[in-house]
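The structure file data.cif is reproduced below (mmCIF, C-alpha atoms).
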```cif
data_coords
loop_
_atom_site.label_atom_id
_atom_site.label_comp_id
_atom_site.auth_asym_id
_atom_site.auth_seq_id
_atom_site.Cartn_x
_atom_site.Cartn_y
_atom_site.Cartn_z
CA MET A 29 -15.65 -18.05 20.21
CA SER A 30 -16.82 -14.88 21.86
CA ARG A 31 -15.21 -12.68 19.24
CA ARG A 32 -13.90 -13.55 15.81
CA GLU A 33 -10.30 -12.36 15.57
CA TYR A 34 -9.47 -13.63 12.10
CA ASP A 35 -10.32 -12.76 8.51
CA VAL A 36 -9.87 -14.86 5.38
CA ALA A 37 -6.88 -13.74 3.33
CA VAL A 38 -6.91 -16.51 0.71
CA ARG A 39 -9.84 -18.86 0.37
CA ALA A 40 -8.37 -22.18 -0.78
CA GLU A 41 -8.52 -25.92 -0.30
CA ALA A 42 -4.85 -26.67 0.20
CA SER A 43 -4.18 -30.22 1.29
CA LEU A 44 -1.25 -29.20 3.49
CA GLY A 45 -0.83 -25.43 3.44
CA GLU A 46 2.40 -24.43 5.19
CA GLY A 47 5.27 -22.01 5.59
CA PRO A 48 3.85 -18.47 5.27
CA THR A 49 6.69 -16.03 4.60
CA TRP A 50 6.49 -12.30 3.96
CA ASP A 51 8.62 -11.12 1.03
CA ALA A 52 9.20 -7.45 1.73
CA ALA A 53 10.88 -6.88 -1.63
CA THR A 54 7.69 -7.72 -3.52
CA GLY A 55 5.02 -7.04 -0.89
CA ARG A 56 3.77 -10.61 -1.16
CA LEU A 57 3.07 -13.54 1.11
CA ILE A 58 4.72 -16.79 -0.02
CA TRP A 59 3.24 -20.10 1.14
CA VAL A 60 3.25 -23.71 0.00
CA ASP A 61 0.87 -26.63 -0.38
CA ILE A 62 3.32 -29.41 0.42
CA LEU A 63 1.45 -32.42 -0.92
CA ALA A 64 0.24 -30.63 -4.05
CA SER A 65 3.84 -29.56 -4.87
CA ARG A 66 2.80 -25.93 -5.25
CA VAL A 67 4.24 -22.58 -4.22
CA HIS A 68 1.64 -19.83 -3.86
CA THR A 69 1.97 -16.07 -3.54
CA TYR A 70 -0.59 -13.52 -2.40
CA ALA A 71 -0.32 -9.74 -2.57
CA PRO A 72 -2.70 -8.18 -0.01
CA GLY A 73 -2.35 -4.77 -1.67
CA ASP A 74 -4.25 -5.79 -4.81
CA GLY A 75 -5.31 -9.37 -4.08
CA ARG A 76 -3.18 -10.80 -6.87
CA ARG A 77 -2.28 -14.49 -6.52
CA THR A 78 0.16 -16.75 -8.35
CA VAL A 79 0.80 -20.50 -8.27
CA MET A 80 3.97 -22.33 -9.31
CA THR A 81 4.18 -26.12 -9.47
CA THR A 82 7.39 -27.80 -8.34
CA GLY A 83 8.55 -31.19 -9.55
CA GLN A 84 8.11 -32.83 -6.14
CA HIS A 85 6.69 -32.20 -2.68
CA VAL A 86 7.82 -28.83 -1.35
CA GLY A 87 8.14 -28.26 2.40
CA ALA A 88 9.07 -24.59 2.29
CA ALA A 89 9.85 -21.73 -0.09
CA LYS A 90 11.81 -18.62 0.93
CA PRO A 91 12.92 -15.54 -1.02
CA ARG A 92 16.51 -15.23 -2.24
CA ALA A 93 18.49 -12.02 -1.88
CA GLY A 94 18.90 -11.66 -5.65
CA GLY A 95 15.34 -12.62 -6.48
CA GLY A 96 13.75 -16.03 -6.91
CA LEU A 97 13.22 -18.74 -4.31
CA VAL A 98 15.07 -21.36 -2.33
CA VAL A 99 12.89 -24.46 -1.80
CA ASN A 100 13.07 -27.40 0.60
CA LEU A 101 12.02 -30.30 -1.62
CA ARG A 102 11.63 -34.04 -1.21
CA ASP A 103 15.14 -34.73 -2.47
CA GLY A 104 17.04 -31.68 -1.20
CA ILE A 105 17.40 -27.92 -1.54
CA GLY A 106 16.64 -26.29 -4.88
CA LEU A 107 16.93 -22.79 -6.32
CA TYR A 108 14.58 -20.92 -8.65
CA GLY A 109 15.59 -17.75 -10.40
CA PRO A 110 13.39 -14.64 -10.60
CA GLY A 111 10.11 -15.43 -12.29
CA GLY A 112 10.32 -19.13 -11.42
CA ALA A 113 13.09 -20.22 -13.78
CA PRO A 114 15.58 -21.67 -14.24
CA PHE A 115 15.75 -24.38 -11.55
CA SER A 116 18.94 -25.89 -10.14
CA TRP A 117 19.86 -28.10 -7.22
CA LEU A 118 21.91 -26.53 -4.43
CA VAL A 119 21.94 -29.73 -2.37
CA ARG A 120 20.59 -33.01 -3.71
CA ASP A 121 20.34 -35.76 -1.10
CA PRO A 122 17.42 -38.12 -1.85
CA VAL A 123 16.50 -40.61 0.89
CA PRO A 124 13.64 -43.03 0.15
CA GLY A 125 10.63 -42.30 2.36
CA ARG A 126 11.92 -38.89 3.50
CA ARG A 127 11.00 -35.35 2.46
CA GLY A 128 11.82 -31.77 3.26
CA ASN A 129 9.51 -30.03 5.72
CA ASP A 130 9.55 -26.60 7.34
CA ALA A 131 12.55 -24.29 6.88
CA ALA A 132 13.65 -20.81 7.93
CA VAL A 133 16.33 -18.31 6.96
CA ALA A 134 18.71 -17.42 9.79
CA PRO A 135 19.92 -13.87 10.50
CA ASP A 136 23.17 -14.64 8.63
CA GLY A 137 21.31 -15.62 5.45
CA ALA A 138 21.74 -19.40 5.76
CA LEU A 139 18.79 -21.77 5.36
CA TRP A 140 17.87 -24.01 8.28
CA ALA A 141 16.01 -26.88 6.64
CA GLY A 142 14.10 -29.67 8.34
CA THR A 143 13.28 -33.16 7.12
CA MET A 144 10.90 -35.92 8.19
CA ARG A 145 9.82 -39.39 7.18
CA TYR A 146 6.51 -39.63 5.36
CA ASP A 147 5.37 -42.12 8.03
CA GLU A 148 6.68 -39.78 10.78
CA THR A 149 9.00 -42.46 12.17
CA PRO A 150 10.72 -41.13 15.31
CA GLY A 151 14.31 -40.24 14.55
CA GLY A 152 13.75 -40.22 10.82
CA GLY A 153 14.37 -36.50 10.34
CA SER A 154 16.90 -33.81 11.09
CA LEU A 155 17.54 -30.08 11.06
CA THR A 156 20.48 -28.87 8.97
CA ARG A 157 22.11 -25.55 8.17
CA VAL A 158 22.57 -24.98 4.45
CA ALA A 159 25.05 -22.21 3.65
CA PRO A 160 24.65 -20.05 0.53
CA ASP A 161 27.38 -22.10 -1.18
CA GLY A 162 25.59 -25.38 -0.45
CA THR A 163 27.74 -26.47 2.50
CA VAL A 164 25.60 -28.53 4.89
CA ARG A 165 26.03 -28.79 8.66
CA GLU A 166 23.77 -31.04 10.74
CA LEU A 167 22.36 -29.12 13.70
CA LEU A 168 19.84 -31.46 15.32
CA ALA A 169 19.33 -35.18 14.84
CA PRO A 170 17.54 -37.40 15.27
CA VAL A 171 14.12 -35.72 15.20
CA ALA A 172 10.72 -36.96 14.06
CA VAL A 173 8.84 -34.04 12.45
CA SER A 174 11.12 -31.02 12.10
CA ASN A 175 8.92 -27.94 12.17
CA GLY A 176 8.93 -24.32 13.34
CA THR A 177 12.23 -22.47 13.66
CA GLY A 178 12.68 -18.82 14.64
CA TRP A 179 15.16 -16.44 16.26
CA SER A 180 14.94 -13.97 19.11
CA PRO A 181 15.23 -10.30 18.11
CA ASP A 182 18.93 -10.24 19.04
CA GLY A 183 19.61 -13.50 17.17
CA ARG A 184 21.10 -15.23 20.20
CA LEU A 185 18.26 -17.68 20.83
CA VAL A 186 16.66 -20.20 18.47
CA TYR A 187 13.15 -21.55 19.01
CA TYR A 188 12.35 -24.95 17.52
CA THR A 189 9.61 -27.58 17.40
CA ASP A 190 9.84 -31.31 16.83
CA SER A 191 6.07 -31.66 16.79
CA PRO A 192 5.51 -35.08 18.45
CA THR A 193 7.39 -33.91 21.55
CA ARG A 194 4.56 -31.43 22.28
CA ARG A 195 7.24 -28.85 23.12
CA VAL A 196 8.64 -25.64 21.83
CA ASP A 197 12.33 -25.78 22.67
CA VAL A 198 14.87 -22.97 22.91
CA LEU A 199 18.58 -23.23 22.14
CA ASP A 200 21.54 -20.91 22.35
CA GLN A 201 23.17 -20.06 19.03
CA ASP A 202 26.94 -19.79 18.93
CA GLY A 203 28.01 -18.96 15.40
CA GLN A 204 27.05 -21.91 13.23
CA HIS A 205 26.29 -24.17 16.22
CA VAL A 206 23.40 -24.60 18.63
CA LEU A 207 23.70 -25.80 22.20
CA ASN A 208 21.90 -26.06 25.53
CA ARG A 209 18.56 -27.25 24.13
CA ARG A 210 15.84 -26.99 26.77
CA PRO A 211 12.03 -26.78 26.92
CA PHE A 212 10.55 -23.32 26.39
CA ALA A 213 6.83 -24.16 26.37
CA ARG A 214 4.96 -27.44 26.76
CA ILE A 215 1.65 -28.06 24.98
CA GLU A 216 -0.73 -29.92 27.23
CA GLU A 217 -2.48 -33.13 26.20
CA GLY A 218 -5.58 -32.41 24.12
CA ALA A 219 -4.40 -28.94 22.98
CA GLY A 220 -2.78 -30.14 19.75
CA PHE A 221 0.80 -30.34 18.56
CA PRO A 222 3.17 -27.40 18.04
CA ASP A 223 3.80 -26.78 14.34
CA GLY A 224 5.19 -23.69 12.61
CA LEU A 225 6.15 -20.62 14.62
CA THR A 226 7.27 -17.02 14.35
CA VAL A 227 8.87 -14.55 16.75
CA ASP A 228 7.60 -10.97 17.07
CA ALA A 229 9.44 -7.72 17.75
CA GLU A 230 8.84 -8.08 21.50
CA GLY A 231 10.54 -11.48 21.50
CA CYS A 232 7.28 -13.36 21.96
CA VAL A 233 6.81 -16.70 20.21
CA TRP A 234 3.65 -17.42 18.21
CA VAL A 235 3.04 -21.10 17.47
CA ALA A 236 0.33 -22.82 15.42
CA LEU A 237 -1.28 -25.85 17.07
CA TRP A 238 -2.00 -28.72 14.67
CA ASP A 239 -5.19 -30.45 15.83
CA GLY A 240 -5.56 -27.63 18.34
CA ALA A 241 -7.57 -25.11 16.28
CA ALA A 242 -5.55 -22.22 17.65
CA VAL A 243 -2.42 -20.11 17.53
CA ARG A 244 -0.75 -19.25 20.84
CA ARG A 245 1.60 -16.45 21.86
CA TYR A 246 4.21 -17.06 24.56
CA THR A 247 6.23 -14.34 26.25
CA PRO A 248 10.05 -14.58 26.28
CA ASP A 249 9.89 -16.27 29.70
CA GLY A 250 7.60 -19.01 28.32
CA ARG A 251 4.33 -17.70 29.73
CA LEU A 252 1.17 -18.12 27.63
CA ASP A 253 -0.42 -14.69 27.23
CA ARG A 254 -2.68 -14.96 24.18
CA THR A 255 -4.67 -17.60 22.32
CA VAL A 256 -6.26 -16.96 18.93
CA GLU A 257 -9.01 -19.53 18.43
CA LEU A 258 -9.71 -20.62 14.87
CA PRO A 259 -12.53 -22.50 13.13
CA VAL A 260 -10.13 -24.94 11.47
CA ARG A 261 -8.71 -27.92 13.29
CA ARG A 262 -5.29 -27.89 11.65
CA PRO A 263 -3.50 -24.54 11.53
CA THR A 264 0.06 -25.25 10.43
CA ALA A 265 2.20 -22.11 10.68
CA CYS A 266 2.09 -18.35 11.11
CA ALA A 267 4.05 -15.27 10.03
CA PHE A 268 3.73 -11.51 10.23
CA GLY A 269 3.33 -9.51 7.04
CA GLY A 270 1.57 -6.59 5.42
CA PRO A 271 2.17 -2.88 6.15
CA GLY A 272 4.44 -2.53 9.18
CA LEU A 273 4.50 -6.32 9.60
CA ARG A 274 1.43 -6.05 11.81
CA ASP A 275 -0.87 -8.71 10.35
CA LEU A 276 -0.48 -12.37 11.37
CA TYR A 277 -1.01 -14.78 8.46
CA ILE A 278 -1.89 -18.39 9.26
CA THR A 279 -1.73 -21.35 6.88
CA THR A 280 -4.02 -24.34 7.40
CA ALA A 281 -4.49 -27.94 6.23
CA ARG A 282 -7.32 -30.29 5.37
CA THR A 283 -5.34 -33.50 4.87
CA GLY A 284 -6.50 -36.42 7.01
CA LEU A 285 -9.80 -34.82 7.99
CA ASP A 286 -13.03 -36.69 7.27
CA ARG A 287 -15.15 -33.54 7.51
CA PRO A 288 -12.92 -30.52 7.05
CA HIS A 289 -14.26 -27.08 7.86
CA PRO A 290 -14.99 -25.04 4.71
CA LEU A 291 -11.97 -22.82 5.52
CA SER A 292 -9.57 -25.73 6.04
CA GLY A 293 -6.75 -25.23 3.55
CA SER A 294 -7.24 -21.45 3.40
CA VAL A 295 -4.87 -18.72 4.58
CA LEU A 296 -6.32 -16.78 7.50
CA VAL A 297 -5.14 -13.45 8.86
CA VAL A 298 -5.37 -11.74 12.24
CA PRO A 299 -5.23 -8.00 11.48
CA ASP A 300 -3.05 -5.81 13.68
CA ALA A 301 -1.99 -8.76 15.83
CA GLY A 302 1.33 -7.20 16.85
CA ARG A 303 4.56 -6.39 15.06
CA GLY A 304 6.81 -8.90 13.38
CA LEU A 305 10.54 -8.91 12.78
CA PRO A 306 11.90 -8.05 9.34
CA GLY A 307 12.65 -11.19 7.39
CA VAL A 308 16.02 -12.18 5.95
CA ALA A 309 16.37 -13.46 2.39
CA PHE A 310 18.48 -16.50 1.64
CA ALA A 311 21.94 -15.26 0.64
CA GLY A 312 22.50 -17.90 -2.04
#
```
How would this structure read if it were set down as structure tokens?
Amino acid sequence: MSRREYDVAVRAEASLGEGPTWDAATGRLIWVDILASRVHTYAPGDGRRTVMTTGQHVGAAKPRAGGGLVVNLRDGIGLYGPGGAPFSWLVRDPVPGRRGNDAAVAPDGALWAGTMRYDETPGGGSLTRVAPDGTVRELLAPVAVSNGTGWSPDGRLVYYTDSPTRRVDVLDQDGQHVLNRRPFARIEEGAGFPDGLTVDAEGCVWVALWDGAAVRRYTPDGRLDRTVELPVRRPTACAFGGPGLRDLYITTARTGLDRPHPLSGSVLVVPDAGRGLPGVAFAG
């Protein structure tokens, strides 16, 4: 790389770091280590970190409007109260060989939760909308590895990745439904697989490239206009946070690598990368 664009926010050895989410109410970054069943927080203001262990693999953790977390677990959607307790199931739907993966909170406060098979069998996963009262509506199925989900600034478009397709797709949102799914950006052979994503205030889509050692930014018309090269082979997701939502945080993984880079599993940050959109807490 001609110029290093990243810093190290959290030095760690997460097996499968994922799902960075900025919690504006607490000034903390929330992220998970899926295979270690852990939810982490990091406060850039004072460097304070916390770790909470869940009872099973956790694909995503998002803040709730009243405090606490909603989590996408192996067997369904769970709720933690403020401070990490008590725990309760909102939706319990165990399927042998399947787990929760990436998730995102929609502008209306519902959780869009993805699933996948542990063996990544094509068609083994789905994307569902989970309302605050636990009502579930299937949005997309079948999919293989349900990953990044994000909304345009006006909330009318949804961006989505089913990683093995090597595409970022875009859909129109009509109330609680999505329609007119079409390719937004295609990732060329050898550049990795699209994983988690975020949308910035200009409507541009940032996507982490698993096995691609980079995060890319695409303009609203699908044009690639920036690539942030990283030392780690497996960046997993990205999100804006910090003062003014100007810093881009990137989670990474070391699972499956024979010789992982020393920073694999850490959380990296690109200072002053742009400006993110304010997050929405889960309304349940």
*Just so the selection is clear, what residues does the PyMOL selection byres ((chain A and resi 110-121) around 9) cover here, as JSON, numbers by chain?*
{"A": [80, 92, 94, 95, 96, 97, 98, 102, 103, 104, 105, 106, 107, 108, 109, 122, 123, 158, 160, 161, 162, 163, 164, 312]}
*With a distance cut-off of 9 Å and only C-alpha atoms, select the neighbouring residues of segment 134-136 of chain A, excluding the residue or stretch itself and same-chain residues fewer than 2 positions from it, and output the selection as a list of chain:residue names.*
A:Ala132, A:Ala138, A:Leu139, A:Trp140, A:Arg157, A:Gly178, A:Trp179, A:Gly183, A:Gly307, A:Val308, A:Ala309, A:Phe310, A:Ala311
*Run the PyMOL selection byres ((chain A and resi 149) around 10) against the file shown and list the residues it catches, as a PyMOL selection string.*
chain A and resi 125-126+144-148+150-153+171-173
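You will find atom CA of Asp200 of chain A at 19.1 Å from atom CA of Val235 of chain A.
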*asked:* Given the PyMOL selection byres ((chain A and resi 239-252) around 8) and the file above, list the residues it selects as a PyMOL selection string.
replied: chain A and resi 212-213+218-221+231-238+253-263
*atom CA of Arg77 of chain A to atom CA of Leu291 of chain A, straight-line distance in Å*: 17.6 Å
*Between A:Asp182, A:Glu33, A:Glu166, A:Asp130, single out the one closest to Thr49 of chain A, counting all atoms listed in the file.*
A:Asp130
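Note that the spacing between atom CA of Thr69 of chain A and atom CA of Leu155 of chain A amounts to 25.5 Å.
Considering the residues A:Tyr277, A:Ala267, A:Thr78, A:Gly304 and counting all atoms listed in the file, Val36 of chain A has its shortest atom-to-atom contact with A:Tyr277.
When all atoms listed in the file are used to measure the gap to Ala53 of chain A, the shortest distance among A:Ala169, A:Leu207, A:Ala93, A:Ala301 belongs to A:Ala93.
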*Find, counting only C-alpha atoms, the residue in A:Gly137, A:Gly270, A:Gly47, A:Pro222 that gets nearest to Ala159 of chain A.*
A:Gly137
*For Ser65 of chain A, list every protein, DNA or RNA residue within 10 Å, evaluated using all atoms listed in the file, and leave out those in the same chain fewer than 5 positions away; present the list as a list in words.*
Leu44, Val60, Met80, Thr81, Thr82, Gly83, Gln84, His85, Val86, Gly87, Leu101 and Arg102 of chain A
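The shortest atom-to-atom distance to Asp223 of chain A, with all atoms listed in the file taken into account, belongs to A:Gly176 out of A:Gly269, A:Gly176, A:Gly302, A:Pro290.
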*asked:* From (-8.2, -24.3, 5.0), in the file's coordinates, out to 10 Å: which residues are reached, counting only C-alpha atoms? Answer as number ranges by chain.
replied: A: 36, 38-45, 259-264, 278-283, 288-296
*Residues at most 7 Å from segment 194-198 of chain A, counting all atoms listed in the file, excluding those fewer than 5 positions away in the same chain, as a list of chain:residue names?*
A:Leu185, A:Val186, A:Tyr187, A:Tyr188, A:Thr189, A:Arg209, A:Arg210, A:Pro211, A:Phe212, A:Ala213, A:Arg214, A:Ile215, A:Phe221, A:Pro222
*Residue nearest Arg56 of chain A - candidates A:Gly284, A:Pro271, A:Pro299, A:Gly128, atoms counted: only C-alpha atoms*: A:Pro271
Please return the centre and edge lengths, in Å to one decimal, of a box with edges along x, y and z that contains all listed atoms of segment 137-140 of chain A, widened by 8 Å on every side, as AutoDock Vina command-line options.
```
--center_x 19.8 --center_y -19.8 --center_z 6.8 --size_x 19.9 --size_y 24.4 --size_z 18.9
```
*Would you list the residues near (5.8, -7.8, 14.1) (no more than 6 Å away, in the coordinates of the file, using all atoms listed in the file) as a ChimeraX atom specification?*
/A:228-229,268,273-274,302-305
